[in-house]
Amino acid sequence: MVPFAVIGIGRMGGTHARNLVNGKMKKAKLVAVCDIDKEKVDAFCKKHPDVKGFYSHKDLLAWGQAKAVMIAVPHYFHGDIAKDCLTAGIHTVVEKPLTVTTKEGKEVIETAARHPDAYFGMMFNQRTNRMYRKAKKLIESGAIGEIQRANYVITDWYRSQAYYNQGGWRASWAGEGGGTLINQCVHQLDLIQWLLGMPEKITSCCKTVGRNISTENDLYAVFGYKNFDCYFCASTHELPGENRFTVVGTKGTVVIGSHTMRYTLLEKSEPQVNAETTKGYGNTKRHKHFCTYGPVRLLNDLIFGQQRRVIDAFAKAVDKQDRNLVVAEGSEGIKALTLINGIYLSNWKKETVTLPFDDDEYAKLLSEHVQAESQNK
Ligand SMILES: NC(=O)c1ccc[n+]([C@@H]2O[C@H](COP(=O)([O-])OP(=O)(O)OC[C@H]3O[C@@H](n4cnc5c(N)ncnc54)[C@H](O)[C@@H]3O)[C@@H](O)[C@H]2O)c1
């Protein structure tokens with residue numbers, strides 16, 4: 001069993017810690033928790049006397065008995081804590097997003113590269129979803145042919161004004177470095193790049209609808225690839241909202257919803273139909289297939305969270321010394337972060353952004369937003 005510590009035991013980190021301490025992981029056990037909120041640490045350790053409590057991650061690292069850590073603190077602290085853990089040679093999983101800016105994200109990745117013995121993972125728990133895994137196989141095997149278009153509509157992460165009124169770090173430039181995009185959409189952006197690769201260009205528009213917050217809760221982006229575009233549309237104010245990822249290829253189409261995936265494979269590719277038909281229209285036989293999330297898996301994930309799989313796989317990787325078992329390598333975190341920063345940059349500059357953009361320019365514009373936000377308070 002890999003001795004794990006959780007740094008930040010709020011909503012998400014608290015769930016990670018409870019899953020670990022309640023024996024929900026096959027290969028990981030909780031040995032310590034750490035939070036700057038002393039009451040949280042004391043309450044947790046009172047309930048679980050075998051778990052050691054720390055109020056600073058530096059003291060946890062000095063203790064030296066945790067071999068792996070899960071970092072679940074607000075976004076602006078991800079970078080420094082991850083760098084300290086990796087430098088101490090501790091296997092490190094970072095909650096999404098990797099950091100707030102690509103500039104800092106690259107520093108974390110460079111730190112990890114200097115300490116290759118420490119495994120480094122990202123909490124991209126959606127990658128454990130069997131429907132996205134199936135879609136990845138269909139795309140990479142060429143089963144759906146050349147990609148012609150993709151669109152992802154994700155509008156079912158509803159957040160009310162009461163959610164934002166809880167205060168804290170959410171939906172502010174100073175607190176989390178953005179809104180819906182950096183908090184909720186990071187999962188979908190990772191899936192887009194995981195399945196389709198990275199685009200060359202980003203054009204976007206972000207706005208705030210029906211909420212008193214300084215960041216966006218509604219946005220669209222067009223990701224320009226060499227041979228196709230991907231349209232991304234997200235919001236957190238619609239009811240009931242939808243979750244639909246469509247990838248159209250020359251030989252088939254994949255449509256993934258919340259719990260069901262439908263994919264259609266054509267007997268003849270569209271270019272072949274087009275070449276053969278002398279009429280103004282054409283068609284071919286098609287084969288429809290379904291893949292579901294699976295009721296047992298769904299129930300398990302609803303109770304314990306998909307995140308449990310990511311931590312357990314990471315522990316297994318450490319235990320077996322096999323990096324391939326890590327669900328998402330830490331260095332992968334820079335890709336979704338590049339899409340996030342690129343969307344904000346395009347929106348701020350009101351122009352199409354070509355990748356790679358200037359990391360320093362992004363960091364500077366973000367700090368201007370932080371400043372403007374504090375003046376408007
Ligand atoms: N993977 C997912 O599906 C998922 C879901 C929710 C949140 N998250 C991520 O988890 C992270 C935490 O989110 P949350 O909702 O649990 O936030 P939260 O505010 O509920 O908890 C954060 C905790 O971190 C503690 N903290 C702050 N600074 C610290 C520091 N320097 N050292 C130690 N502890 C510190 C706070 O006291 C708090 O207890 C964020 O990165 C968030 O994006 C991921």
# chains A, B, ... in the order shown; residues from 1 in each chain; ligands from 1
call {"tool": "residues_near_ligand", "arguments": {"ligand": "ligand 1", "cutoff": "6 Å", "atoms": "only C-alpha atoms and all ligand atoms", "output": "list of chain:residue names"}}
result
A:Ile7, A:Gly8, A:Ile9, A:Gly10, A:Arg11, A:Met12, A:Gly13, A:Cys34, A:Asp35, A:Ile36, A:Asp37, A:Ser56, A:His57, A:Ala72, A:Val73, A:Pro74, A:His75, A:Phe77, A:Glu95, A:Lys96, A:Met123, A:Asn183
call {"tool": "select_by_dssp", "arguments": {"residues": "stretch 51-109 of chain A", "states": "alpha helix (DSSP H)", "output": "number ranges by chain"}}
result
A: 57-63, 78-87, 102-109
call {"tool": "closest_atom_pairs", "arguments": {"of": "stretch 114-156 of chain A", "to": "stretch 268-273 of chain A", "cutoff": "10 Å", "atoms": "only C-alpha atoms", "output": "JSON lines"}}
result
{"residue": "A:Ile144", "atom": "CA", "partner": "A:Ser269", "partner_atom": "CA", "distance": 8.8}
{"residue": "A:Gly145", "atom": "CA", "partner": "A:Ser269", "partner_atom": "CA", "distance": 7.7}
{"residue": "A:Glu146", "atom": "CA", "partner": "A:Ser269", "partner_atom": "CA", "distance": 9.7}
call {"tool": "write_last_selection", "arguments": {"atoms": "N, CA and C atoms", "output": "PDB file, in the first residue's frame"}}
result
ATOM      1  N   ILE A 144     -13.431   5.875 -37.712  1.00  0.00           N
ATOM      2  CA  ILE A 144     -14.397   6.882 -38.207  1.00  0.00           C
ATOM      3  C   ILE A 144     -13.779   7.756 -39.307  1.00  0.00           C
ATOM      4  N   GLY A 145     -12.600   7.388 -39.747  1.00  0.00           N
ATOM      5  CA  GLY A 145     -11.970   8.094 -40.873  1.00  0.00           C
ATOM      6  C   GLY A 145     -11.322   9.407 -40.451  1.00  0.00           C
ATOM      7  N   GLU A 146     -11.186  10.287 -41.433  1.00  0.00           N
ATOM      8  CA  GLU A 146     -10.575  11.605 -41.164  1.00  0.00           C
ATOM      9  C   GLU A 146     -11.596  12.476 -40.454  1.00  0.00           C
TER      10      GLU A 146
END
call {"tool": "atom_distance", "arguments": {"atom1": "atom CA of A:Trp173", "atom2": "atom CA of A:Tyr220"}}
result
18.9 Å
call {"tool": "residues_around", "arguments": {"residues": "A:Gly79", "least_positions_apart": "4", "cutoff": "12 Å", "atoms": "only C-alpha atoms", "output": "VMD selection string"}}
result
chain A and resid 71 to 75 83 to 86 92 to 112 330 333 to 334
call {"tool": "write_last_selection", "arguments": {"atoms": "N, CA and C atoms", "output": "compact mmCIF listing (two decimals), in the first residue's frame"}}
result
# COMPACT_ATOMS: atom_id res chain seq x y z
N ILE A 71 -2.84 16.84 -4.22
CA ILE A 71 -2.97 18.28 -3.93
C ILE A 71 -4.35 18.76 -4.36
N ALA A 72 -5.15 19.22 -3.39
CA ALA A 72 -6.52 19.66 -3.70
C ALA A 72 -6.81 21.00 -3.02
N VAL A 73 -5.98 21.97 -3.36
CA VAL A 73 -6.11 23.32 -2.80
C VAL A 73 -6.60 24.26 -3.91
N PRO A 74 -6.98 25.51 -3.57
CA PRO A 74 -7.38 26.44 -4.63
C PRO A 74 -6.26 26.62 -5.68
N HIS A 75 -6.69 26.93 -6.91
CA HIS A 75 -5.79 26.87 -8.09
C HIS A 75 -4.46 27.60 -7.95
N LYS A 83 5.56 22.03 -6.94
CA LYS A 83 7.02 22.13 -7.12
C LYS A 83 7.74 21.66 -5.86
N ASP A 84 7.23 22.06 -4.68
CA ASP A 84 7.87 21.63 -3.42
C ASP A 84 7.80 20.11 -3.26
N CYS A 85 6.65 19.53 -3.58
CA CYS A 85 6.49 18.08 -3.40
C CYS A 85 7.41 17.32 -4.37
N LEU A 86 7.42 17.75 -5.63
CA LEU A 86 8.25 17.06 -6.62
C LEU A 86 9.73 17.20 -6.28
N THR A 92 3.41 12.85 -6.98
CA THR A 92 2.46 13.96 -6.82
C THR A 92 1.33 13.92 -7.83
N VAL A 93 0.10 13.99 -7.31
CA VAL A 93 -1.07 14.17 -8.19
C VAL A 93 -1.64 15.55 -7.91
N VAL A 94 -1.90 16.31 -8.97
CA VAL A 94 -2.45 17.66 -8.82
C VAL A 94 -3.89 17.66 -9.31
N GLU A 95 -4.77 18.27 -8.51
CA GLU A 95 -6.15 18.47 -8.97
C GLU A 95 -6.13 19.37 -10.19
N LYS A 96 -7.17 19.30 -10.99
CA LYS A 96 -7.26 20.19 -12.14
C LYS A 96 -7.54 21.62 -11.65
N PRO A 97 -7.12 22.66 -12.34
CA PRO A 97 -6.18 22.67 -13.46
C PRO A 97 -4.75 22.58 -12.92
N LEU A 98 -3.80 22.28 -13.80
CA LEU A 98 -2.41 22.15 -13.35
C LEU A 98 -2.01 23.38 -12.54
N THR A 99 -2.18 24.55 -13.13
CA THR A 99 -1.94 25.84 -12.45
C THR A 99 -2.90 26.83 -13.09
N VAL A 100 -2.72 28.12 -12.80
CA VAL A 100 -3.60 29.13 -13.41
C VAL A 100 -3.05 29.61 -14.75
N THR A 101 -1.73 29.73 -14.84
CA THR A 101 -1.14 30.23 -16.09
C THR A 101 -0.20 29.18 -16.70
N THR A 102 -0.08 29.24 -18.02
CA THR A 102 0.84 28.32 -18.71
C THR A 102 2.28 28.60 -18.26
N LYS A 103 2.55 29.85 -17.94
CA LYS A 103 3.91 30.21 -17.50
C LYS A 103 4.28 29.38 -16.27
N GLU A 104 3.39 29.35 -15.28
CA GLU A 104 3.68 28.59 -14.07
C GLU A 104 3.57 27.08 -14.32
N GLY A 105 2.63 26.70 -15.17
CA GLY A 105 2.47 25.28 -15.49
C GLY A 105 3.76 24.70 -16.04
N LYS A 106 4.41 25.47 -16.91
CA LYS A 106 5.67 24.99 -17.51
C LYS A 106 6.76 24.86 -16.44
N GLU A 107 6.73 25.74 -15.46
CA GLU A 107 7.73 25.65 -14.36
C GLU A 107 7.53 24.35 -13.58
N VAL A 108 6.27 23.99 -13.35
CA VAL A 108 5.99 22.75 -12.60
C VAL A 108 6.50 21.54 -13.42
N ILE A 109 6.22 21.58 -14.71
CA ILE A 109 6.64 20.46 -15.58
C ILE A 109 8.17 20.37 -15.63
N GLU A 110 8.83 21.52 -15.67
CA GLU A 110 10.31 21.51 -15.65
C GLU A 110 10.81 20.93 -14.33
N THR A 111 10.15 21.28 -13.23
CA THR A 111 10.55 20.74 -11.91
C THR A 111 10.39 19.21 -11.92
N ALA A 112 9.25 18.75 -12.47
CA ALA A 112 9.02 17.29 -12.52
C ALA A 112 10.09 16.61 -13.37
N GLY A 330 1.22 14.25 -15.43
CA GLY A 330 1.17 15.65 -15.02
C GLY A 330 1.45 16.61 -16.16
N GLY A 333 -1.21 18.22 -18.23
CA GLY A 333 -2.03 19.32 -17.69
C GLY A 333 -1.84 20.63 -18.43
N ILE A 334 -0.69 20.78 -19.06
CA ILE A 334 -0.42 22.06 -19.75
C ILE A 334 -1.33 22.23 -20.97
call {"tool": "select_by_dssp", "arguments": {"residues": "stretch 147-332 of chain A", "states": "strand (DSSP E or B)", "output": "PDB file with N, CA and C atoms, in the first residue's frame"}}
result
ATOM      1  N   ILE A 147     -11.187  13.167 -39.405  1.00  0.00           N
ATOM      2  CA  ILE A 147     -12.150  14.025 -38.701  1.00  0.00           C
ATOM      3  C   ILE A 147     -12.493  15.228 -39.572  1.00  0.00           C
ATOM      4  N   GLN A 148     -13.805  15.513 -39.631  1.00  0.00           N
ATOM      5  CA  GLN A 148     -14.263  16.651 -40.443  1.00  0.00           C
ATOM      6  C   GLN A 148     -14.811  17.782 -39.578  1.00  0.00           C
ATOM      7  N   ARG A 149     -15.331  17.420 -38.415  1.00  0.00           N
ATOM      8  CA  ARG A 149     -15.913  18.434 -37.528  1.00  0.00           C
ATOM      9  C   ARG A 149     -16.061  17.821 -36.147  1.00  0.00           C
ATOM     10  N   ALA A 150     -15.994  18.667 -35.126  1.00  0.00           N
ATOM     11  CA  ALA A 150     -16.322  18.203 -33.770  1.00  0.00           C
ATOM     12  C   ALA A 150     -17.055  19.325 -33.068  1.00  0.00           C
ATOM     13  N   ASN A 151     -17.990  18.977 -32.213  1.00  0.00           N
ATOM     14  CA  ASN A 151     -18.555  20.018 -31.344  1.00  0.00           C
ATOM     15  C   ASN A 151     -18.875  19.450 -29.970  1.00  0.00           C
ATOM     16  N   TYR A 152     -18.631  20.288 -29.001  1.00  0.00           N
ATOM     17  CA  TYR A 152     -18.871  19.884 -27.608  1.00  0.00           C
ATOM     18  C   TYR A 152     -19.742  20.962 -26.973  1.00  0.00           C
ATOM     19  N   VAL A 153     -20.943  20.557 -26.569  1.00  0.00           N
ATOM     20  CA  VAL A 153     -21.827  21.483 -25.844  1.00  0.00           C
ATOM     21  C   VAL A 153     -21.920  20.966 -24.422  1.00  0.00           C
ATOM     22  N   ILE A 154     -21.492  21.770 -23.475  1.00  0.00           N
ATOM     23  CA  ILE A 154     -21.555  21.350 -22.071  1.00  0.00           C
ATOM     24  C   ILE A 154     -22.183  22.494 -21.273  1.00  0.00           C
ATOM     25  N   SER A 172     -13.596  34.147  -9.424  1.00  0.00           N
ATOM     26  CA  SER A 172     -12.922  35.446  -9.366  1.00  0.00           C
ATOM     27  C   SER A 172     -11.549  35.302 -10.020  1.00  0.00           C
ATOM     28  N   GLY A 178     -10.169  32.728 -13.037  1.00  0.00           N
ATOM     29  CA  GLY A 178     -11.181  32.605 -14.083  1.00  0.00           C
ATOM     30  C   GLY A 178     -12.496  32.117 -13.505  1.00  0.00           C
ATOM     31  N   LYS A 201      -5.334  27.173 -33.676  1.00  0.00           N
ATOM     32  CA  LYS A 201      -5.859  28.532 -33.431  1.00  0.00           C
ATOM     33  C   LYS A 201      -7.077  28.499 -32.520  1.00  0.00           C
ATOM     34  N   ILE A 202      -7.289  29.592 -31.809  1.00  0.00           N
ATOM     35  CA  ILE A 202      -8.471  29.694 -30.935  1.00  0.00           C
ATOM     36  C   ILE A 202      -9.146  31.046 -31.161  1.00  0.00           C
ATOM     37  N   THR A 203     -10.476  30.990 -31.363  1.00  0.00           N
ATOM     38  CA  THR A 203     -11.273  32.223 -31.434  1.00  0.00           C
ATOM     39  C   THR A 203     -12.401  32.059 -30.419  1.00  0.00           C
ATOM     40  N   SER A 204     -12.598  33.055 -29.569  1.00  0.00           N
ATOM     41  CA  SER A 204     -13.582  32.820 -28.498  1.00  0.00           C
ATOM     42  C   SER A 204     -14.369  34.071 -28.133  1.00  0.00           C
ATOM     43  N   CYS A 205     -15.382  33.849 -27.327  1.00  0.00           N
ATOM     44  CA  CYS A 205     -16.171  34.944 -26.764  1.00  0.00           C
ATOM     45  C   CYS A 205     -16.683  34.477 -25.400  1.00  0.00           C
ATOM     46  N   CYS A 206     -16.434  35.256 -24.352  1.00  0.00           N
ATOM     47  CA  CYS A 206     -16.866  34.879 -22.988  1.00  0.00           C
ATOM     48  C   CYS A 206     -17.757  35.976 -22.423  1.00  0.00           C
ATOM     49  N   LYS A 207     -18.791  35.593 -21.694  1.00  0.00           N
ATOM     50  CA  LYS A 207     -19.632  36.610 -21.054  1.00  0.00           C
ATOM     51  C   LYS A 207     -20.221  36.099 -19.740  1.00  0.00           C
ATOM     52  N   ASP A 218     -20.454  31.810 -19.304  1.00  0.00           N
ATOM     53  CA  ASP A 218     -21.034  31.465 -20.602  1.00  0.00           C
ATOM     54  C   ASP A 218     -19.969  31.763 -21.657  1.00  0.00           C
ATOM     55  N   LEU A 219     -19.695  30.818 -22.523  1.00  0.00           N
ATOM     56  CA  LEU A 219     -18.637  31.063 -23.501  1.00  0.00           C
ATOM     57  C   LEU A 219     -18.758  30.132 -24.698  1.00  0.00           C
ATOM     58  N   TYR A 220     -18.162  30.561 -25.790  1.00  0.00           N
ATOM     59  CA  TYR A 220     -17.945  29.627 -26.894  1.00  0.00           C
ATOM     60  C   TYR A 220     -16.527  29.825 -27.405  1.00  0.00           C
ATOM     61  N   ALA A 221     -16.004  28.793 -28.019  1.00  0.00           N
ATOM     62  CA  ALA A 221     -14.675  28.884 -28.621  1.00  0.00           C
ATOM     63  C   ALA A 221     -14.670  28.038 -29.879  1.00  0.00           C
ATOM     64  N   VAL A 222     -13.959  28.499 -30.879  1.00  0.00           N
ATOM     65  CA  VAL A 222     -13.734  27.691 -32.076  1.00  0.00           C
ATOM     66  C   VAL A 222     -12.259  27.323 -32.070  1.00  0.00           C
ATOM     67  N   PHE A 223     -11.994  26.015 -32.044  1.00  0.00           N
ATOM     68  CA  PHE A 223     -10.619  25.542 -32.103  1.00  0.00           C
ATOM     69  C   PHE A 223     -10.316  25.174 -33.555  1.00  0.00           C
ATOM     70  N   GLY A 224      -9.371  25.861 -34.123  1.00  0.00           N
ATOM     71  CA  GLY A 224      -9.025  25.609 -35.525  1.00  0.00           C
ATOM     72  C   GLY A 224      -7.903  24.584 -35.622  1.00  0.00           C
ATOM     73  N   ASP A 229     -12.584  22.043 -37.751  1.00  0.00           N
ATOM     74  CA  ASP A 229     -12.780  22.920 -36.590  1.00  0.00           C
ATOM     75  C   ASP A 229     -13.534  22.160 -35.505  1.00  0.00           C
ATOM     76  N   CYS A 230     -13.294  22.555 -34.272  1.00  0.00           N
ATOM     77  CA  CYS A 230     -14.057  22.009 -33.145  1.00  0.00           C
ATOM     78  C   CYS A 230     -14.749  23.188 -32.459  1.00  0.00           C
ATOM     79  N   TYR A 231     -16.079  23.094 -32.335  1.00  0.00           N
ATOM     80  CA  TYR A 231     -16.850  24.172 -31.720  1.00  0.00           C
ATOM     81  C   TYR A 231     -17.142  23.787 -30.281  1.00  0.00           C
ATOM     82  N   PHE A 232     -16.750  24.670 -29.372  1.00  0.00           N
ATOM     83  CA  PHE A 232     -16.931  24.385 -27.944  1.00  0.00           C
ATOM     84  C   PHE A 232     -17.873  25.430 -27.361  1.00  0.00           C
ATOM     85  N   CYS A 233     -18.898  24.958 -26.660  1.00  0.00           N
ATOM     86  CA  CYS A 233     -19.894  25.879 -26.120  1.00  0.00           C
ATOM     87  C   CYS A 233     -20.196  25.438 -24.687  1.00  0.00           C
ATOM     88  N   ALA A 234     -20.058  26.347 -23.732  1.00  0.00           N
ATOM     89  CA  ALA A 234     -20.242  25.957 -22.320  1.00  0.00           C
ATOM     90  C   ALA A 234     -20.952  27.050 -21.541  1.00  0.00           C
ATOM     91  N   SER A 235     -21.756  26.623 -20.570  1.00  0.00           N
ATOM     92  CA  SER A 235     -22.338  27.603 -19.655  1.00  0.00           C
ATOM     93  C   SER A 235     -22.679  26.909 -18.348  1.00  0.00           C
ATOM     94  N   ASN A 243     -25.098  17.813 -22.234  1.00  0.00           N
ATOM     95  CA  ASN A 243     -23.691  17.412 -22.323  1.00  0.00           C
ATOM     96  C   ASN A 243     -23.590  16.519 -23.556  1.00  0.00           C
ATOM     97  N   ARG A 244     -23.027  17.071 -24.627  1.00  0.00           N
ATOM     98  CA  ARG A 244     -22.992  16.300 -25.876  1.00  0.00           C
ATOM     99  C   ARG A 244     -21.706  16.596 -26.636  1.00  0.00           C
ATOM    100  N   PHE A 245     -20.955  15.558 -26.880  1.00  0.00           N
ATOM    101  CA  PHE A 245     -19.690  15.681 -27.610  1.00  0.00           C
ATOM    102  C   PHE A 245     -19.854  14.887 -28.903  1.00  0.00           C
ATOM    103  N   THR A 246     -19.736  15.571 -30.029  1.00  0.00           N
ATOM    104  CA  THR A 246     -19.921  14.933 -31.333  1.00  0.00           C
ATOM    105  C   THR A 246     -18.625  15.023 -32.140  1.00  0.00           C
ATOM    106  N   VAL A 247     -18.205  13.908 -32.696  1.00  0.00           N
ATOM    107  CA  VAL A 247     -17.048  13.918 -33.587  1.00  0.00           C
ATOM    108  C   VAL A 247     -17.492  13.271 -34.899  1.00  0.00           C
ATOM    109  N   VAL A 248     -17.386  14.036 -35.970  1.00  0.00           N
ATOM    110  CA  VAL A 248     -17.818  13.546 -37.287  1.00  0.00           C
ATOM    111  C   VAL A 248     -16.588  13.250 -38.137  1.00  0.00           C
ATOM    112  N   GLY A 249     -16.512  12.011 -38.615  1.00  0.00           N
ATOM    113  CA  GLY A 249     -15.411  11.633 -39.492  1.00  0.00           C
ATOM    114  C   GLY A 249     -15.935  11.268 -40.872  1.00  0.00           C
ATOM    115  N   GLY A 252     -17.544   7.778 -40.192  1.00  0.00           N
ATOM    116  CA  GLY A 252     -18.445   7.519 -39.077  1.00  0.00           C
ATOM    117  C   GLY A 252     -18.572   8.714 -38.150  1.00  0.00           C
ATOM    118  N   THR A 253     -19.516   8.602 -37.219  1.00  0.00           N
ATOM    119  CA  THR A 253     -19.800   9.690 -36.282  1.00  0.00           C
ATOM    120  C   THR A 253     -19.920   9.132 -34.867  1.00  0.00           C
ATOM    121  N   VAL A 254     -19.353   9.855 -33.925  1.00  0.00           N
ATOM    122  CA  VAL A 254     -19.459   9.473 -32.517  1.00  0.00           C
ATOM    123  C   VAL A 254     -20.218  10.567 -31.784  1.00  0.00           C
ATOM    124  N   VAL A 255     -21.251  10.184 -31.020  1.00  0.00           N
ATOM    125  CA  VAL A 255     -21.981  11.171 -30.214  1.00  0.00           C
ATOM    126  C   VAL A 255     -22.011  10.664 -28.776  1.00  0.00           C
ATOM    127  N   ILE A 256     -21.404  11.430 -27.881  1.00  0.00           N
ATOM    128  CA  ILE A 256     -21.356  11.010 -26.476  1.00  0.00           C
ATOM    129  C   ILE A 256     -22.206  11.955 -25.641  1.00  0.00           C
ATOM    130  N   THR A 260     -24.675   7.770 -22.209  1.00  0.00           N
ATOM    131  CA  THR A 260     -24.767   6.870 -23.353  1.00  0.00           C
ATOM    132  C   THR A 260     -23.985   7.421 -24.522  1.00  0.00           C
ATOM    133  N   MET A 261     -23.382   6.506 -25.250  1.00  0.00           N
ATOM    134  CA  MET A 261     -22.637   6.908 -26.437  1.00  0.00           C
ATOM    135  C   MET A 261     -23.229   6.152 -27.635  1.00  0.00           C
ATOM    136  N   ARG A 262     -23.383   6.853 -28.734  1.00  0.00           N
ATOM    137  CA  ARG A 262     -23.873   6.212 -29.950  1.00  0.00           C
ATOM    138  C   ARG A 262     -22.833   6.475 -31.015  1.00  0.00           C
ATOM    139  N   TYR A 263     -22.436   5.410 -31.724  1.00  0.00           N
ATOM    140  CA  TYR A 263     -21.536   5.682 -32.848  1.00  0.00           C
ATOM    141  C   TYR A 263     -22.005   4.935 -34.083  1.00  0.00           C
ATOM    142  N   THR A 264     -21.867   5.600 -35.200  1.00  0.00           N
ATOM    143  CA  THR A 264     -22.359   5.079 -36.471  1.00  0.00           C
ATOM    144  C   THR A 264     -21.173   4.921 -37.411  1.00  0.00           C
ATOM    145  N   LEU A 265     -21.018   3.723 -37.979  1.00  0.00           N
ATOM    146  CA  LEU A 265     -19.928   3.501 -38.922  1.00  0.00           C
ATOM    147  C   LEU A 265     -20.534   3.289 -40.307  1.00  0.00           C
ATOM    148  N   LEU A 266     -19.978   3.975 -41.291  1.00  0.00           N
ATOM    149  CA  LEU A 266     -20.515   3.897 -42.654  1.00  0.00           C
ATOM    150  C   LEU A 266     -19.845   2.759 -43.422  1.00  0.00           C
ATOM    151  N   ARG A 286     -25.323   2.007 -43.040  1.00  0.00           N
ATOM    152  CA  ARG A 286     -24.624   2.423 -41.824  1.00  0.00           C
ATOM    153  C   ARG A 286     -24.917   1.426 -40.713  1.00  0.00           C
ATOM    154  N   HIS A 287     -23.993   1.320 -39.795  1.00  0.00           N
ATOM    155  CA  HIS A 287     -24.129   0.376 -38.685  1.00  0.00           C
ATOM    156  C   HIS A 287     -24.094   1.150 -37.387  1.00  0.00           C
ATOM    157  N   LYS A 288     -25.164   0.997 -36.617  1.00  0.00           N
ATOM    158  CA  LYS A 288     -25.257   1.782 -35.379  1.00  0.00           C
ATOM    159  C   LYS A 288     -24.815   0.953 -34.189  1.00  0.00           C
ATOM    160  N   HIS A 289     -24.057   1.548 -33.300  1.00  0.00           N
ATOM    161  CA  HIS A 289     -23.568   0.856 -32.095  1.00  0.00           C
ATOM    162  C   HIS A 289     -23.816   1.738 -30.878  1.00  0.00           C
ATOM    163  N   PHE A 290     -23.953   1.083 -29.744  1.00  0.00           N
ATOM    164  CA  PHE A 290     -24.160   1.832 -28.499  1.00  0.00           C
ATOM    165  C   PHE A 290     -23.149   1.396 -27.464  1.00  0.00           C
ATOM    166  N   CYS A 291     -22.808   2.305 -26.608  1.00  0.00           N
ATOM    167  CA  CYS A 291     -21.928   1.972 -25.478  1.00  0.00           C
ATOM    168  C   CYS A 291     -22.463   2.805 -24.320  1.00  0.00           C
ATOM    169  N   THR A 292     -22.678   2.182 -23.168  1.00  0.00           N
ATOM    170  CA  THR A 292     -23.207   2.962 -22.048  1.00  0.00           C
ATOM    171  C   THR A 292     -22.139   3.088 -20.975  1.00  0.00           C
ATOM    172  N   GLU A 329      -0.689  11.796 -17.202  1.00  0.00           N
ATOM    173  CA  GLU A 329       0.613  12.319 -16.778  1.00  0.00           C
ATOM    174  C   GLU A 329       0.474  13.801 -16.420  1.00  0.00           C
TER     175      GLU A 329
END
call {"tool": "residues_around", "arguments": {"residues": "A:Thr180", "least_positions_apart": "6", "cutoff": "7 Å", "atoms": "only C-alpha atoms", "output": "list in words"}}
result
Glu216, Asn217 and Thr236 of chain A
call {"tool": "write_last_selection", "arguments": {"atoms": "N, CA and C atoms", "output": "CSV table (one decimal), in the first residue's frame"}}
result
chain,number,residue,atom,x,y,z
A,216,GLU,N,-16.5,34.9,-16.3
A,216,GLU,CA,-17.5,34.4,-17.2
A,216,GLU,C,-18.3,33.1,-16.7
A,217,ASN,N,-19.5,33.0,-17.1
A,217,ASN,CA,-20.2,31.7,-16.9
A,217,ASN,C,-20.9,31.2,-18.2
A,236,THR,N,-22.9,27.7,-17.3
A,236,THR,CA,-23.2,27.1,-16.0
A,236,THR,C,-24.5,27.8,-15.4
call {"tool": "atom_distance", "arguments": {"atom1": "atom CA of A:Glu332", "atom2": "atom CA of A:Gly121"}}
result
8.5 Å
call {"tool": "atom_distance", "arguments": {"atom1": "atom CA of A:Lys377", "atom2": "atom CA of A:Ser214"}}
result
9.7 Å
call {"tool": "closest_residue", "arguments": {"among": "A:Glu276, A:Asp156, A:Glu267, A:Glu176", "to": "A:Glu238", "atoms": "only C-alpha atoms"}}
result
A:Asp156
call {"tool": "residues_around", "arguments": {"residues": "A:Phe124", "least_positions_apart": "4", "cutoff": "12 Å", "atoms": "only C-alpha atoms", "output": "PyMOL selection string"}}
result
chain A and resi 93-98+128-129+184-191+194+305-311+314+326-333+335-336
call {"tool": "closest_residue", "arguments": {"among": "A:Met122, A:Ala43, A:Thr215, A:Lys58", "to": "A:Ala174", "atoms": "only C-alpha atoms"}}
result
A:Thr215
call {"tool": "decode", "arguments": {"residues": "stretch 294-316 of chain A", "atoms": "C-alpha atoms", "output": "PDB file, in the first residue's frame"}}
result
ATOM      1  CA  GLY A 294     -22.603   1.085 -17.209  1.00  0.00           C
ATOM      2  CA  PRO A 295     -24.998   1.140 -14.220  1.00  0.00           C
ATOM      3  CA  VAL A 296     -22.591  -0.422 -11.693  1.00  0.00           C
ATOM      4  CA  ARG A 297     -19.786   1.884 -12.697  1.00  0.00           C
ATOM      5  CA  LEU A 298     -22.139   4.870 -12.643  1.00  0.00           C
ATOM      6  CA  LEU A 299     -23.378   4.004  -9.155  1.00  0.00           C
ATOM      7  CA  ASN A 300     -19.824   3.505  -7.923  1.00  0.00           C
ATOM      8  CA  ASP A 301     -18.743   6.790  -9.390  1.00  0.00           C
ATOM      9  CA  LEU A 302     -21.744   8.607  -7.940  1.00  0.00           C
ATOM     10  CA  ILE A 303     -20.896   7.289  -4.471  1.00  0.00           C
ATOM     11  CA  PHE A 304     -17.103   7.502  -4.455  1.00  0.00           C
ATOM     12  CA  GLY A 305     -16.317   9.699  -7.459  1.00  0.00           C
ATOM     13  CA  GLN A 306     -14.320   8.862 -10.575  1.00  0.00           C
ATOM     14  CA  GLN A 307     -11.445  10.555  -8.805  1.00  0.00           C
ATOM     15  CA  ARG A 308     -10.990   7.424  -6.686  1.00  0.00           C
ATOM     16  CA  ARG A 309      -9.960   5.490  -9.823  1.00  0.00           C
ATOM     17  CA  VAL A 310      -7.333   8.082 -10.705  1.00  0.00           C
ATOM     18  CA  ILE A 311      -5.735   7.945  -7.246  1.00  0.00           C
ATOM     19  CA  ASP A 312      -5.840   4.163  -7.121  1.00  0.00           C
ATOM     20  CA  ALA A 313      -4.305   3.854 -10.596  1.00  0.00           C
ATOM     21  CA  PHE A 314      -1.603   6.315  -9.564  1.00  0.00           C
ATOM     22  CA  ALA A 315      -0.850   4.277  -6.421  1.00  0.00           C
ATOM     23  CA  LYS A 316      -0.728   1.109  -8.517  1.00  0.00           C
TER      24      LYS A 316
END
